[in-house]
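Here is model03.csv, consisting of CSV, C-alpha atoms:
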```
chain,number,residue,atom,x,y,z
P,16,GLU,CA,0.0,0.0,0.0
P,17,ALA,CA,1.3,3.4,-1.0
P,18,GLN,CA,1.8,5.5,2.1
P,19,VAL,CA,3.7,8.0,4.2
P,20,THR,CA,4.5,6.9,7.8
P,21,GLN,CA,5.5,9.0,10.7
P,22,ASN,CA,6.7,8.0,14.1
P,23,PRO,CA,6.0,8.6,16.9
P,24,ARG,CA,2.3,9.6,16.5
P,25,TYR,CA,2.2,11.2,19.9
P,26,LEU,CA,5.1,12.5,22.0
P,27,ILE,CA,5.3,14.4,25.2
P,28,THR,CA,8.8,15.7,26.1
P,29,VAL,CA,10.6,18.3,28.1
P,30,THR,CA,12.4,21.5,27.1
P,31,GLY,CA,15.9,20.9,25.7
P,32,LYS,CA,15.7,17.1,25.3
P,33,LYS,CA,16.7,16.3,21.7
P,34,LEU,CA,14.1,14.4,19.6
P,35,THR,CA,13.7,13.0,16.1
P,36,VAL,CA,10.4,12.4,14.3
P,37,THR,CA,10.8,9.9,11.5
P,38,CYS,CA,9.1,10.1,8.1
P,39,SER,CA,9.2,7.4,5.5
P,40,GLN,CA,7.5,7.0,2.1
P,41,ASN,CA,7.3,4.0,-0.2
P,42,MET,CA,6.2,5.7,-3.4
P,43,ASN,CA,9.7,6.5,-4.7
P,44,HIS,CA,8.9,10.2,-4.5
P,45,GLU,CA,11.6,12.8,-5.1
P,46,TYR,CA,10.0,15.6,-3.0
P,47,MET,CA,9.4,15.5,0.8
P,48,SER,CA,8.3,18.2,3.2
P,49,TRP,CA,7.6,18.9,6.8
P,50,TYR,CA,4.8,21.1,8.1
P,51,ARG,CA,3.5,22.2,11.4
P,52,GLN,CA,-0.1,23.0,12.1
P,53,ASP,CA,-1.3,25.3,14.8
P,54,PRO,CA,-4.9,26.3,15.6
P,55,GLY,CA,-6.1,29.0,13.3
P,56,LEU,CA,-2.8,29.2,11.3
P,57,GLY,CA,-3.1,26.4,8.8
P,58,LEU,CA,-0.1,24.4,7.6
P,59,ARG,CA,3.2,26.1,7.6
P,60,GLN,CA,6.2,24.6,5.8
P,61,ILE,CA,9.3,23.9,7.9
P,62,TYR,CA,11.7,22.3,5.5
P,63,TYR,CA,11.5,20.5,2.2
P,64,SER,CA,13.7,18.3,0.1
P,65,MET,CA,13.8,18.1,-3.6
P,66,ASN,CA,16.0,14.9,-3.7
P,67,VAL,CA,18.6,13.0,-1.7
P,68,GLU,CA,21.0,15.4,0.0
P,69,VAL,CA,19.1,18.4,-1.3
P,70,THR,CA,17.1,20.3,1.4
P,71,ASP,CA,15.9,23.9,1.8
P,72,LYS,CA,14.1,26.1,4.4
P,73,GLY,CA,10.4,26.6,4.3
P,74,ASP,CA,8.7,29.5,6.1
P,75,VAL,CA,9.3,28.4,9.7
P,76,PRO,CA,12.7,26.6,9.9
P,77,GLU,CA,14.0,28.0,13.2
P,78,GLY,CA,14.7,25.3,15.8
P,79,TYR,CA,14.5,22.4,13.3
P,80,LYS,CA,16.9,20.4,11.3
P,81,VAL,CA,16.4,17.8,8.6
P,82,SER,CA,18.4,15.4,6.6
P,83,ARG,CA,17.8,13.3,3.4
P,84,LYS,CA,20.3,10.6,3.2
P,85,GLU,CA,18.0,8.2,1.5
P,86,LYS,CA,15.2,8.9,-0.9
P,87,ARG,CA,12.5,7.2,1.3
P,88,ASN,CA,13.4,8.9,4.6
P,89,PHE,CA,13.2,12.5,5.8
P,90,PRO,CA,13.6,12.8,9.6
P,91,LEU,CA,12.8,16.0,11.4
P,92,ILE,CA,15.2,16.8,14.3
P,93,LEU,CA,14.6,19.1,17.2
P,94,GLU,CA,18.0,19.6,18.8
P,95,SER,CA,16.6,21.6,21.8
P,96,PRO,CA,12.8,21.6,21.8
P,97,SER,CA,11.0,24.5,23.4
P,98,PRO,CA,7.3,24.9,24.4
P,99,ASN,CA,6.6,27.0,21.3
P,100,GLN,CA,7.3,23.9,19.2
P,101,THR,CA,4.3,22.2,20.7
P,102,SER,CA,2.2,21.5,17.5
P,103,LEU,CA,0.8,18.9,15.1
P,104,TYR,CA,3.5,17.9,12.6
P,105,PHE,CA,2.9,16.4,9.2
P,106,CYS,CA,5.3,14.9,6.7
P,107,ALA,CA,4.3,14.8,3.1
P,108,SER,CA,5.8,13.5,-0.2
P,109,SER,CA,5.1,14.0,-3.9
P,110,LEU,CA,6.6,13.1,-7.2
P,111,SER,CA,7.9,16.6,-7.6
P,112,GLY,CA,7.3,19.9,-5.7
P,113,ALA,CA,4.5,20.6,-8.2
P,114,ASP,CA,2.5,17.4,-7.7
P,115,THR,CA,-0.2,16.2,-5.4
P,116,GLN,CA,1.2,15.8,-1.9
P,117,TYR,CA,0.5,12.7,0.2
P,118,PHE,CA,0.6,13.3,3.9
P,119,GLY,CA,1.6,11.1,6.8
P,120,PRO,CA,-0.9,10.6,9.7
P,121,GLY,CA,0.7,13.4,11.8
P,122,THR,CA,2.7,13.6,15.0
P,123,ARG,CA,1.3,15.4,18.0
P,124,LEU,CA,4.2,16.9,19.9
P,125,THR,CA,3.9,18.5,23.3
P,126,VAL,CA,7.0,20.2,24.8
P,127,LEU,CA,6.7,20.9,28.5
W,15,GLY,CA,4.0,38.4,-2.0
W,16,GLN,CA,1.7,35.4,-1.8
W,17,ASN,CA,-1.8,35.6,-0.4
W,18,ILE,CA,-4.6,33.1,-0.2
W,19,ASP,CA,-8.0,34.2,1.0
W,20,GLN,CA,-10.8,31.9,2.0
W,21,PRO,CA,-13.7,32.3,4.4
W,22,THR,CA,-12.8,31.0,7.8
W,23,GLU,CA,-16.0,29.1,8.5
W,24,MET,CA,-19.2,28.1,6.7
W,25,THR,CA,-22.3,26.2,7.9
W,26,ALA,CA,-24.6,24.2,5.6
W,27,THR,CA,-27.4,21.7,5.9
W,28,GLU,CA,-27.2,18.0,5.1
W,29,GLY,CA,-28.3,17.4,1.5
W,30,ALA,CA,-27.7,21.0,0.4
W,31,ILE,CA,-25.1,22.5,-1.9
W,32,VAL,CA,-22.2,24.7,-0.7
W,33,GLN,CA,-19.6,26.7,-2.5
W,34,ILE,CA,-16.3,27.5,-0.9
W,35,ASN,CA,-14.5,30.4,-2.6
W,36,CYS,CA,-10.8,31.1,-2.8
W,37,THR,CA,-8.9,34.0,-4.1
W,38,TYR,CA,-5.1,34.0,-4.5
W,39,GLN,CA,-2.2,36.1,-5.4
W,40,THR,CA,1.1,34.4,-6.2
W,41,SER,CA,4.3,35.2,-7.9
W,42,GLY,CA,3.9,32.1,-10.2
W,43,PHE,CA,1.0,29.9,-11.0
W,44,ASN,CA,0.7,26.5,-12.6
W,45,GLY,CA,-2.6,25.3,-11.2
W,46,LEU,CA,-4.6,25.0,-8.0
W,47,PHE,CA,-5.1,22.2,-5.5
W,48,TRP,CA,-8.0,21.6,-3.1
W,49,TYR,CA,-7.4,19.3,-0.1
W,50,GLN,CA,-9.8,18.1,2.5
W,51,GLN,CA,-8.7,17.8,6.2
W,52,HIS,CA,-10.8,16.3,8.9
W,53,ALA,CA,-10.0,17.6,12.4
W,54,GLY,CA,-6.8,16.1,13.7
W,55,GLU,CA,-6.2,14.1,10.5
W,56,ALA,CA,-3.9,14.5,7.5
W,57,PRO,CA,-5.0,16.5,4.5
W,58,THR,CA,-6.1,14.4,1.5
W,59,PHE,CA,-6.2,15.4,-2.1
W,60,LEU,CA,-9.5,16.4,-3.7
W,61,SER,CA,-8.8,18.1,-7.0
W,62,TYR,CA,-6.3,19.9,-9.2
W,63,ASN,CA,-7.3,22.5,-11.8
W,64,VAL,CA,-4.8,23.7,-14.4
W,65,LEU,CA,-7.1,25.2,-17.0
W,66,ASP,CA,-10.0,27.6,-16.6
W,67,GLY,CA,-13.4,26.1,-16.1
W,68,LEU,CA,-15.2,23.6,-14.0
W,69,GLU,CA,-14.0,20.0,-13.3
W,70,GLU,CA,-16.6,17.6,-11.8
W,71,LYS,CA,-15.7,14.6,-9.8
W,72,GLY,CA,-18.7,13.0,-8.2
W,73,ARG,CA,-20.3,15.2,-5.6
W,74,PHE,CA,-17.3,17.6,-5.7
W,75,SER,CA,-16.6,20.1,-8.4
W,76,SER,CA,-13.8,22.6,-8.6
W,77,PHE,CA,-13.7,25.8,-10.7
W,78,LEU,CA,-10.7,27.9,-11.8
W,79,SER,CA,-10.4,31.4,-13.3
W,80,ARG,CA,-6.7,32.1,-13.8
W,81,SER,CA,-7.3,35.7,-15.0
W,82,LYS,CA,-9.2,36.5,-11.8
W,83,GLY,CA,-7.1,34.6,-9.4
W,84,TYR,CA,-10.2,32.8,-8.3
W,85,SER,CA,-11.3,29.3,-7.6
W,86,TYR,CA,-14.2,27.6,-5.8
W,87,LEU,CA,-15.0,24.1,-4.6
W,88,LEU,CA,-18.6,23.0,-4.9
W,89,LEU,CA,-20.0,20.3,-2.7
W,90,LYS,CA,-23.3,18.8,-3.6
W,91,GLU,CA,-25.7,16.6,-1.6
W,92,LEU,CA,-23.9,17.4,1.6
W,93,GLN,CA,-23.3,14.6,4.1
W,94,MET,CA,-22.3,14.9,7.7
W,95,LYS,CA,-18.9,13.4,6.9
W,96,ASP,CA,-18.2,16.4,4.7
W,97,SER,CA,-17.7,18.4,7.9
W,98,ALA,CA,-14.0,19.3,7.6
W,99,SER,CA,-11.6,22.0,6.6
W,100,TYR,CA,-11.0,22.7,2.9
W,101,LEU,CA,-7.6,24.0,1.8
W,102,CYS,CA,-7.0,26.0,-1.3
W,103,VAL,CA,-3.4,25.6,-2.4
W,104,PRO,CA,-1.9,27.4,-5.4
W,105,ASN,CA,0.8,25.5,-7.3
W,106,THR,CA,3.4,28.3,-7.8
W,107,GLY,CA,5.8,26.1,-9.7
W,108,GLY,CA,8.4,26.4,-7.0
W,109,PHE,CA,9.4,24.0,-4.3
W,110,LYS,CA,7.8,25.9,-1.4
W,111,THR,CA,4.1,25.2,-0.7
W,112,ILE,CA,1.9,27.9,0.8
W,113,PHE,CA,-1.3,26.8,2.6
W,114,GLY,CA,-4.0,29.2,3.6
W,115,ALA,CA,-5.8,28.6,6.9
W,116,GLY,CA,-8.6,26.9,5.0
W,117,THR,CA,-12.3,27.0,5.4
W,118,ARG,CA,-14.0,25.0,8.2
W,119,LEU,CA,-17.3,23.6,7.0
W,120,PHE,CA,-19.9,22.5,9.4
W,121,VAL,CA,-22.7,20.3,8.1
W,122,LYS,CA,-25.8,20.2,10.3
W,123,ALA,CA,-28.7,17.8,10.2
```
Give the structure from the file, written as structure tokens.
Amino acid sequence: EAQVTQNPRYLITVTGKKLTVTCSQNMNHEYMSWYRQDPGLGLRQIYYSMNVEVTDKGDVPEGYKVSRKEKRNFPLILESPSPNQTSLYFCASSLSGADTQYFGPGTRLTVL
Amino acid sequence: GQNIDQPTEMTATEGAIVQINCTYQTSGFNGLFWYQQHAGEAPTFLSYNVLDGLEEKGRFSSFLSRSKGYSYLLLKELQMKDSASYLCVPNTGGFKTIFGAGTRLFVKA
């Protein structure tokens, strides 16, 4: 089944404790992206990747890191999480940046 | 700059028809996506318009006017399960994606 998976689905952590949210797709898509969604603000793009080893900043990259060492995986790293990073995070993939995006189920992160 | 404008909320009755409008201003434009998102869930693809005009897909239709920077999503025979947010997303041709806040649709019995 074609899908985008994210782990964990739910995470409660404390300020400053490094964490990684994994994202994997099995559709051989070139493009992958991370978004955060906060009430009333819609989806905001954090980082995106056009292909392996090629990443760039979205609109809200501060406090986040990404890597794209393999085509299928695009992990999101929070080196030192803060409470303002409490949010719902979605990973997405598409054939290219201009195609339909397929979203993972989301990761609800709470930083205390 | 880039701007997407949709109504924040709409309410409609089961069985009725509702039209969700979207106006956009972008630096580039190749087409327009509509996504549906139920509360707490991932967005899912509904439609993509490249050319002007109406495209029909079952109960859902989407219209595009490139010259006016305008699109709408038409939902017919509304069902309770259509209660969701609807996201208008211009394809600017670049790698960045801009989502508006979307329109929250409430369907009442």
With all atoms listed in the file as the counted atoms, please give the residues lying no more than 6 Å from range 66-73 of chain W, apart from itself and same-chain residues fewer than 6 positions off, as a compact mmCIF listing (two decimals) with C-alpha atoms, in the coordinates of the input.
```
# COMPACT_ATOMS: atom_id res chain seq x y z
CA SER W 79 -10.40 31.40 -13.30
CA LEU W 89 -20.00 20.30 -2.70
CA LYS W 90 -23.30 18.80 -3.60
```
task: May I ask which of the residues P:Ile27, P:Val81, P:Leu110, P:Leu93 is the closest one to chain W, counting only C-alpha atoms?
output: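 Between P:Ile27, P:Val81, P:Leu110, P:Leu93, the residue approaching chain W most closely is P:Leu110.
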field: Pick from P:Thr35, P:Thr30, P:Gln21, P:Gln100, whichever lies nearest to chain W using only C-alpha atoms
entry: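 Closest to chain W, using only C-alpha atoms: P:Gln21.
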Residues of chain W at most 12 Å from chain P: nearest atom pair and distance in Å, all atoms listed in the file, as JSON lines:
```
{"residue": "W:Ile18", "atom": "CA", "partner": "P:Gly57", "partner_atom": "CA", "distance": 11.3}
{"residue": "W:Gln20", "atom": "CA", "partner": "P:Gly57", "partner_atom": "CA", "distance": 11.7}
{"residue": "W:Thr22", "atom": "CA", "partner": "P:Gly55", "partner_atom": "CA", "distance": 8.9}
{"residue": "W:Glu23", "atom": "CA", "partner": "P:Gly55", "partner_atom": "CA", "distance": 11.0}
{"residue": "W:Gly42", "atom": "CA", "partner": "P:Ala113", "partner_atom": "CA", "distance": 11.7}
{"residue": "W:Phe43", "atom": "CA", "partner": "P:Ala113", "partner_atom": "CA", "distance": 10.3}
{"residue": "W:Asn44", "atom": "CA", "partner": "P:Ala113", "partner_atom": "CA", "distance": 8.3}
{"residue": "W:Gly45", "atom": "CA", "partner": "P:Ala113", "partner_atom": "CA", "distance": 9.0}
{"residue": "W:Leu46", "atom": "CA", "partner": "P:Ala113", "partner_atom": "CA", "distance": 10.1}
{"residue": "W:Phe47", "atom": "CA", "partner": "P:Thr115", "partner_atom": "CA", "distance": 7.7}
{"residue": "W:Trp48", "atom": "CA", "partner": "P:Thr115", "partner_atom": "CA", "distance": 9.8}
{"residue": "W:Tyr49", "atom": "CA", "partner": "P:Gln116", "partner_atom": "CA", "distance": 9.5}
{"residue": "W:Gln50", "atom": "CA", "partner": "P:Phe118", "partner_atom": "CA", "distance": 11.5}
{"residue": "W:Gln51", "atom": "CA", "partner": "P:Phe118", "partner_atom": "CA", "distance": 10.6}
{"residue": "W:His52", "atom": "CA", "partner": "P:Pro120", "partner_atom": "CA", "distance": 11.5}
{"residue": "W:Ala53", "atom": "CA", "partner": "P:Pro54", "partner_atom": "CA", "distance": 10.6}
{"residue": "W:Gly54", "atom": "CA", "partner": "P:Gly121", "partner_atom": "CA", "distance": 8.2}
{"residue": "W:Glu55", "atom": "CA", "partner": "P:Pro120", "partner_atom": "CA", "distance": 6.4}
{"residue": "W:Ala56", "atom": "CA", "partner": "P:Pro120", "partner_atom": "CA", "distance": 5.4}
{"residue": "W:Pro57", "atom": "CA", "partner": "P:Phe118", "partner_atom": "CA", "distance": 6.5}
{"residue": "W:Thr58", "atom": "CA", "partner": "P:Tyr117", "partner_atom": "CA", "distance": 6.9}
{"residue": "W:Phe59", "atom": "CA", "partner": "P:Thr115", "partner_atom": "CA", "distance": 6.9}
{"residue": "W:Leu60", "atom": "CA", "partner": "P:Thr115", "partner_atom": "CA", "distance": 9.5}
{"residue": "W:Ser61", "atom": "CA", "partner": "P:Thr115", "partner_atom": "CA", "distance": 9.0}
{"residue": "W:Tyr62", "atom": "CA", "partner": "P:Thr115", "partner_atom": "CA", "distance": 8.1}
{"residue": "W:Asn63", "atom": "CA", "partner": "P:Thr115", "partner_atom": "CA", "distance": 11.4}
{"residue": "W:Val64", "atom": "CA", "partner": "P:Ala113", "partner_atom": "CA", "distance": 11.6}
{"residue": "W:Ser99", "atom": "CA", "partner": "P:Gly57", "partner_atom": "CA", "distance": 9.8}
{"residue": "W:Tyr100", "atom": "CA", "partner": "P:Gly57", "partner_atom": "CA", "distance": 10.5}
{"residue": "W:Leu101", "atom": "CA", "partner": "P:Gly57", "partner_atom": "CA", "distance": 8.7}
{"residue": "W:Cys102", "atom": "CA", "partner": "P:Gly57", "partner_atom": "CA", "distance": 10.8}
{"residue": "W:Val103", "atom": "CA", "partner": "P:Thr115", "partner_atom": "CA", "distance": 10.4}
{"residue": "W:Pro104", "atom": "CA", "partner": "P:Ala113", "partner_atom": "CA", "distance": 9.7}
{"residue": "W:Asn105", "atom": "CA", "partner": "P:Ala113", "partner_atom": "CA", "distance": 6.2}
{"residue": "W:Thr106", "atom": "CA", "partner": "P:Ala113", "partner_atom": "CA", "distance": 7.8}
{"residue": "W:Gly107", "atom": "CA", "partner": "P:Ala113", "partner_atom": "CA", "distance": 5.8}
{"residue": "W:Gly108", "atom": "CA", "partner": "P:Gly112", "partner_atom": "CA", "distance": 6.7}
{"residue": "W:Phe109", "atom": "CA", "partner": "P:Gly112", "partner_atom": "CA", "distance": 4.8}
{"residue": "W:Lys110", "atom": "CA", "partner": "P:Gly73", "partner_atom": "CA", "distance": 6.3}
{"residue": "W:Thr111", "atom": "CA", "partner": "P:Gln60", "partner_atom": "CA", "distance": 6.9}
{"residue": "W:Ile112", "atom": "CA", "partner": "P:Arg59", "partner_atom": "CA", "distance": 7.2}
{"residue": "W:Phe113", "atom": "CA", "partner": "P:Leu58", "partner_atom": "CA", "distance": 5.7}
{"residue": "W:Gly114", "atom": "CA", "partner": "P:Gly57", "partner_atom": "CA", "distance": 6.0}
{"residue": "W:Ala115", "atom": "CA", "partner": "P:Gly57", "partner_atom": "CA", "distance": 4.0}
{"residue": "W:Gly116", "atom": "CA", "partner": "P:Gly57", "partner_atom": "CA", "distance": 6.7}
{"residue": "W:Thr117", "atom": "CA", "partner": "P:Gly57", "partner_atom": "CA", "distance": 9.8}
{"residue": "W:Arg118", "atom": "CA", "partner": "P:Gly55", "partner_atom": "CA", "distance": 10.2}
```
task: Just give me the gap between CA of Thr37 in chain W and CA of Ser85 in chain W in Å, one decimal is fine.
output: 6.3 Å
query: Do you know which residues lie at most 9 Å from (-23.4, 25.0, 2.3), with coordinates as in the file and all atoms listed in the file counted, and could you write them as a list in words?
result: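 Checked against the point, the hits come out as Met24, Thr25, Ala26, Thr27, Glu28, Ala30, Ile31, Val32, Gln33, Ile34, Leu88, Leu89, Lys90, Leu92, Leu119, Phe120 and Val121 of chain W.
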- request: Can you work out the spacing between CA of Ser97 in chain W and CA of Thr40 in chain W in Å, to one decimal?
  value: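 Separation between CA of Ser97 in chain W and CA of Thr40 in chain W: 28.4 Å.
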query: When distances are computed from all atoms listed in the file, which of P:Asn66, P:Ser39, P:Asn88, P:Ser97 shows the smallest separation from Leu127 in chain P?
result: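 Between P:Asn66, P:Ser39, P:Asn88, P:Ser97, the residue approaching Leu127 in chain P most closely is P:Ser97.
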What would range 67-93 of chain W look like with N, CA, C and O atoms in place, written as a compact mmCIF listing (two decimals), in the coordinates of the input?
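Listed below is the output, rebuild_36.txt:
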```txt
# COMPACT_ATOMS: atom_id res chain seq x y z
N GLY W 67 -12.15 26.82 -15.90
CA GLY W 67 -13.40 26.10 -16.10
C GLY W 67 -13.67 25.17 -14.90
O GLY W 67 -12.98 25.19 -13.89
N LEU W 68 -14.74 24.41 -15.08
CA LEU W 68 -15.20 23.60 -14.00
C LEU W 68 -14.84 22.11 -14.27
O LEU W 68 -15.00 21.61 -15.37
N GLU W 69 -14.33 21.47 -13.23
CA GLU W 69 -14.00 20.00 -13.30
C GLU W 69 -14.89 19.33 -12.27
O GLU W 69 -14.88 19.69 -11.10
N GLU W 70 -15.64 18.31 -12.73
CA GLU W 70 -16.60 17.60 -11.80
C GLU W 70 -16.03 16.24 -11.50
O GLU W 70 -15.53 15.52 -12.36
N LYS W 71 -16.17 15.90 -10.23
CA LYS W 71 -15.70 14.60 -9.80
C LYS W 71 -16.70 14.11 -8.71
O LYS W 71 -16.54 14.38 -7.52
N GLY W 72 -17.73 13.44 -9.14
CA GLY W 72 -18.70 13.00 -8.20
C GLY W 72 -19.49 14.10 -7.57
O GLY W 72 -19.96 15.02 -8.26
N ARG W 73 -19.57 14.11 -6.25
CA ARG W 73 -20.30 15.20 -5.60
C ARG W 73 -19.51 16.47 -5.49
O ARG W 73 -20.04 17.51 -5.15
N PHE W 74 -18.22 16.38 -5.79
CA PHE W 74 -17.30 17.60 -5.70
C PHE W 74 -16.98 18.08 -7.06
O PHE W 74 -16.67 17.31 -7.96
N SER W 75 -17.00 19.40 -7.20
CA SER W 75 -16.60 20.10 -8.40
C SER W 75 -15.64 21.20 -8.04
O SER W 75 -15.81 21.79 -6.97
N SER W 76 -14.70 21.51 -8.92
CA SER W 76 -13.80 22.60 -8.60
C SER W 76 -13.71 23.50 -9.90
O SER W 76 -13.64 22.99 -11.01
N PHE W 77 -13.70 24.81 -9.65
CA PHE W 77 -13.70 25.80 -10.70
C PHE W 77 -12.45 26.66 -10.61
O PHE W 77 -12.01 26.98 -9.51
N LEU W 78 -11.91 27.06 -11.75
CA LEU W 78 -10.70 27.90 -11.80
C LEU W 78 -10.90 29.03 -12.79
O LEU W 78 -11.33 28.77 -13.92
N SER W 79 -10.55 30.27 -12.38
CA SER W 79 -10.40 31.40 -13.30
C SER W 79 -9.00 31.94 -13.07
O SER W 79 -8.76 32.63 -12.08
N ARG W 80 -8.10 31.67 -13.97
CA ARG W 80 -6.70 32.10 -13.80
C ARG W 80 -6.61 33.64 -13.90
O ARG W 80 -5.87 34.27 -13.14
N SER W 81 -7.36 34.23 -14.79
CA SER W 81 -7.30 35.70 -15.00
C SER W 81 -7.76 36.43 -13.75
O SER W 81 -7.27 37.53 -13.44
N LYS W 82 -8.70 35.85 -13.02
CA LYS W 82 -9.20 36.50 -11.80
C LYS W 82 -8.57 36.07 -10.55
O LYS W 82 -8.87 36.61 -9.49
N GLY W 83 -7.69 35.09 -10.62
CA GLY W 83 -7.10 34.60 -9.40
C GLY W 83 -8.12 34.02 -8.45
O GLY W 83 -8.09 34.29 -7.25
N TYR W 84 -9.02 33.23 -8.99
CA TYR W 84 -10.20 32.80 -8.30
C TYR W 84 -10.51 31.34 -8.52
O TYR W 84 -10.39 30.85 -9.64
N SER W 85 -10.90 30.66 -7.46
CA SER W 85 -11.30 29.30 -7.60
C SER W 85 -12.45 29.03 -6.59
O SER W 85 -12.60 29.76 -5.60
N TYR W 86 -13.26 28.03 -6.86
CA TYR W 86 -14.20 27.60 -5.80
C TYR W 86 -14.34 26.08 -5.88
O TYR W 86 -14.10 25.43 -6.89
N LEU W 87 -14.73 25.55 -4.73
CA LEU W 87 -15.00 24.10 -4.60
C LEU W 87 -16.53 24.03 -4.30
O LEU W 87 -17.05 24.72 -3.42
N LEU W 88 -17.19 23.20 -5.07
CA LEU W 88 -18.60 23.00 -4.90
C LEU W 88 -18.92 21.63 -4.41
O LEU W 88 -18.47 20.64 -5.00
N LEU W 89 -19.62 21.57 -3.31
CA LEU W 89 -20.00 20.30 -2.70
C LEU W 89 -21.47 20.11 -2.81
O LEU W 89 -22.23 20.92 -2.28
N LYS W 90 -21.92 19.05 -3.45
CA LYS W 90 -23.30 18.80 -3.60
C LYS W 90 -23.78 17.67 -2.68
O LYS W 90 -22.97 16.88 -2.21
N GLU W 91 -25.09 17.62 -2.44
CA GLU W 91 -25.70 16.60 -1.60
C GLU W 91 -24.87 16.34 -0.35
O GLU W 91 -24.39 15.24 -0.07
N LEU W 92 -24.71 17.43 0.38
CA LEU W 92 -23.90 17.40 1.60
C LEU W 92 -24.20 16.27 2.51
O LEU W 92 -25.37 15.98 2.78
N GLN W 93 -23.14 15.67 3.06
CA GLN W 93 -23.30 14.60 4.10
C GLN W 93 -22.57 15.08 5.32
O GLN W 93 -21.66 15.92 5.28
```
